[in-house]
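One structure is given below, encoded as structure tokens.
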Amino acid sequence: MSGANFILLINLSVAGLLAASFMAVAFHDVGRAPARWLAFGYLLGMAYFAIEFCIPAFDNARPVVVAAFAVFLGATIAFNGGLAYKYGVAPPWTPILFFLGATTIAVYFVQDLPRQSLIRMMAYQLPYAVMQFVGLAIVWSSRRHARLDRILMAVLAASGLQFASKPFIAHALGGWGANPQAYLQSSYALVSQSLGTVFGLALALLILAILVRDVLAEVTSKSETDTLSRLLNRGGFTRQAELAVLGAARQGAPVALVIADLDHFKSVNDSFGHASGDRVIETFAGFLREAAAGHHVAGRIGGEEFAIMLPGTNLAAARLFAEGTRSAFGALPIDGLPMDNRCTASFGVAELHPSEDFADLMRRADQALYQAKNAGRDCVRVSAGPVGTWSSAAMEASGRG
């Protein structure tokens with residue numbers, strides 16, 4: 001058995017294992033279209049390697065060679081389909097299928113050219129390169145470029161270049177055999193199959209790592225999300241708020257915390273029912289989601305208590321944020337409550353000082369909220385300093401219902 005035959009059998013086995021891995025991911029979550037497409041792609045890869053292995057058994061190899069080309073190009077298309085669904089990009093199926101048909105016909109007719117013709121070799125390899133660059137364009141167009149995504153794009157680019165260079169590699173190594181039956185005995189076959197192993201395995205492991213990364217992120221997000229408000233729960237808020245505090249400390253930027261508590265919430269539940277109470281929570285949480293910027297951290301940290309971390313925001317700006325939320329929410333009618341009934345909230349605001357950590361900031365914001373509730377509720381109070389002193393000017397400027 002030649003070295004190329006041996007590597008071909010390895011590729012067949014590896015493709016089967018990768019197909020099984022992606023199928024396992026797909027069965028774990030039937031909604032994962034990317035894993036199903038990737039599994040299909042590696043199943044087609046298995047079929048391609050099996051056809052390549054059988055080519056020497058055919059006297060007239062033209063139909064088999066063309067079939068092998070079409071199957072492997074189909075495998076790259078299926079892989080790109082998985083990428084498209086993974087990165088939320090609409091797959092361009094019509095032009096891709098046209099490309100598959102046109103290039104398959106072209107490969108059929110270039111069989112009449114001399115076997116060592118560069119044009120013939122390029123007609124066989126360049127479509128694979130094109131599909132690798134299509135995959136690169138899919139990942140790039142998503143604009144989701146974390147480290148693993150950037151590595152995936154780099155490997156797709158390198159894989160496309162190796163396909164484009166194969167005709168020249170074949171020419172440098174003396175061709176790809178005098179006929180299809182002699183291909184697996186050529187030096188080029190050994191190099192080509194080895195390159196296929198390296199890039200096929202690298203791409204599969206990267207996309208598996210990306211799928212696992214996103215599954216873990218989804219699980220973490222679900223475990224840290226409050227189902228009623230769709231904000232972070234207390235644990236999730238604490239974790240992300242602590243990261244925001246550390247980031248602000250590194251950058252020397254201000255960071256402020258606003259804590260809010262719905263006023264007389266128990267009476268809403270007692271008078272109008274828990275369904276109405278839930279709508280009050282949903283409405284207030286919606287206010288926070290709409291008011292929060294992308295780098296803000298908002299959470300429901302208790303039954304009717306909420307918090308929002310505002311990186312890059314000083315005490316005055318945070319107080320204005322709280323005032324705006326307080327006045328807008330207090331003027332809003334709530335579904336299920338009488339039209340003349342308005343819900344209000346009390347707010348405590350604090351800005352992080354250099355000597356503090358997140359727990360200190362949380363404690364001072366909570367003290368400010370306590371002051372707001374003692375002042376009659378439906379108002380904003382601020383904590384001006386780490387020792388719990390109060391800014392009388394800010395207190396007087398705060399609204400009160």
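Quick note on naming: the chains in the structure tokens go A, B, ... in the order shown, residues restart at 1 in each chain, and ligands are numbered from 1 in order of appearance.
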Every residue of range 164-401 of chain A that DSSP places in helix (DSSP H, G or I), as a PyMOL selection string: chain A and resi 164-172+180-185+187-223+234-251+265-272+274-291+315-330+358-374+392-397
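Those residues that approach range 93-106 of chain A to within 9 Å, counting only C-alpha atoms, are Val66, Ala67, Phe69, Ala70, Leu73, Gly74, Ile77, Gly81, Ala90, Phe109, Val110, Gln111, Ala123, Tyr124, Pro127 and Met131 of chain A; same-chain residues fewer than 3 positions away are not listed.
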How many Å separate CA of Val297 in chain A from CA of Met309 in chain A?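 Answer for the CA of Val297 in chain A to CA of Met309 in chain A separation: 4.9 Å.
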Hey, what does DSSP flag as strand (DSSP E) within range 293-383 of chain A? Can you give it to me as a PyMOL selection string? chain A and resi 297-300+305-311+345-351+380-383
What separates CA of Ala15 in chain A and CA of Tyr42 in chain A is a distance of 5.4 Å
